[in-house]
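See structure below.
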Amino acid sequence: MLHRDHPCQQKPAISRFRDEWEASWVSLRNESSREFVEFSSCAPTSSLPAWMDLPASLRDGSEGHKRLRRLAFNARYLSRALVKLGFITEGHDDSPIVPLMLFNPGKMCLFSRMMLERKVPITVVVVGYPATPLVTSRVRFCLSAAHTKDDIDELLRACDEIGTRLDLKHGLPKGERWRLEEVSERAVELVREG
């Protein structure tokens with residue numbers, strides 16, 4: 001039991017660590033008896049991560065390099081493919097967040113709803129005023145290394161269909177746009193270009 005003038009009386013719970021990972025002490029206030037209860041539990045050393053227990057691919061960094069290359073491919077492919085389909089995008093081609101410009105706040109909700117109502121629902125982030133100027137509303141696609149080319153092709157198919165219905169293709173003139181099949185077939189070329 002702690003004395004009444006113990007510093008823990010003002011705080012209902014505090015934590016103190018002693019001997020860097022060997023033990024943890026916690027003082028808890030027992031509300032019913034208005035007393036403090038003190039207990040200790042040792043942290044097992046087996047819970048600390050051990051470098052040598054990691055798989056070889058994580059130890060040498062090869063898995064990380066593979067994921068970074070995959071993420072770079074995904075980001076470049078999506079942003080450049082959207083441009084070739086006639087959309088206007090913002091940001092850097094290597095960014096895993098790809099903003100597609102909608103330019104009309106009234107189309108934000110429609111675009112989001114139409115993506116969710118697809119056979120394979122696609123969740124998107126729509127951003128408008130006051131986060132952006134009133135006429136620069138956009139949809140943001142957030143990519144990861146876990147996405148496959150097929151996932152991105154499905155997203156491009158949805159954007160192509162919805163973009164045509166909502167009249168969102170104002171980037172390239174119609175004669176310079178690529179067909180969806182051409183974009184998918186020439187993905188590696190798209191990623192490697194400039």
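Residues are referred to by chain and number: the chain letter is A, B, ... according to the order shown in the structure tokens, the number counts from 1 in that chain, and ligands are numbered separately from 1 in the order shown.
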- Message: Neighbouring residues of A:Glu176 were defined as those with any atom within 10 Å, considering only C-alpha atoms; residues of the same chain fewer than 4 positions away were excluded. Please report them as a VMD selection string.
- Response: chain A and resid 84 to 86 171 to 172
Atom pair atom CA of A:Gly175 + atom CA of A:Met114, distance 26.7 Å
> Pick the closest to A:Val124 from A:Lys169, A:Ser184, A:Thr136, A:Phe111: which is it, counting only C-alpha atoms?
Replying inline: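 The closest residue to A:Val124 is A:Phe111.
A straight line drawn from atom CA of A:Phe103 to atom CA of A:Arg140 is 13.0 Å long.
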For the atom pair atom CA of A:Arg157 and atom CA of A:Leu180, what is the interatomic distance in Å to one decimal place?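 Computed distance, atom CA of A:Arg157 to atom CA of A:Leu180, equals 7.0 Å.
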Next on the checklist: From the options A:Val125, A:Leu78, A:Cys109, A:Ala72, which residue's atoms come nearest to A:Glu154, counting only C-alpha atoms?
Outcome noted: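 Going through A:Val125, A:Leu78, A:Cys109, A:Ala72 one by one, the smallest distance to A:Glu154 is for A:Leu78.
When the distance limit is 10 Å and only C-alpha atoms are what count, the residues near A:Leu102, minus those fewer than 5 positions from it on the same chain, are Phe87, Ile88, Thr89, Lys107, Met108, Phe111, Val126, Val127, Gly128, Val135, Thr136, Ser137, Arg138, Val139, Gly163, Leu166, Asp167, Leu168, Lys169 and His170 of chain A.
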Item checked: Residues of stretch 102-190 of chain A in strand (DSSP E), written as a PyMOL selection string -> chain A and resi 125-127+138-142
Just C-alpha atoms for this one: save the residues we selected as a PDB file, in the first residue's frame.
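As a result, result-v8.pdb now contains:
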ATOM      1  CA  VAL A 125     -11.305   8.945 -51.923  1.00  0.00           C
ATOM      2  CA  VAL A 126     -13.012  12.050 -53.316  1.00  0.00           C
ATOM      3  CA  VAL A 127     -11.655  15.439 -52.325  1.00  0.00           C
ATOM      4  CA  ARG A 138     -10.628  15.235 -57.583  1.00  0.00           C
ATOM      5  CA  VAL A 139     -10.630  11.560 -56.814  1.00  0.00           C
ATOM      6  CA  ARG A 140      -7.527  10.020 -55.265  1.00  0.00           C
ATOM      7  CA  PHE A 141      -6.455   6.467 -55.948  1.00  0.00           C
ATOM      8  CA  CYS A 142      -4.197   5.050 -53.247  1.00  0.00           C
TER       9      CYS A 142
END
Find the spatial neighbours of A:Ser144, counting only C-alpha atoms, within a cut-off of 9 Å - ignore same-chain residues fewer than 2 positions away - and output them as a ChimeraX atom specification. /A:67,70-71,74-75,96,142,146-147
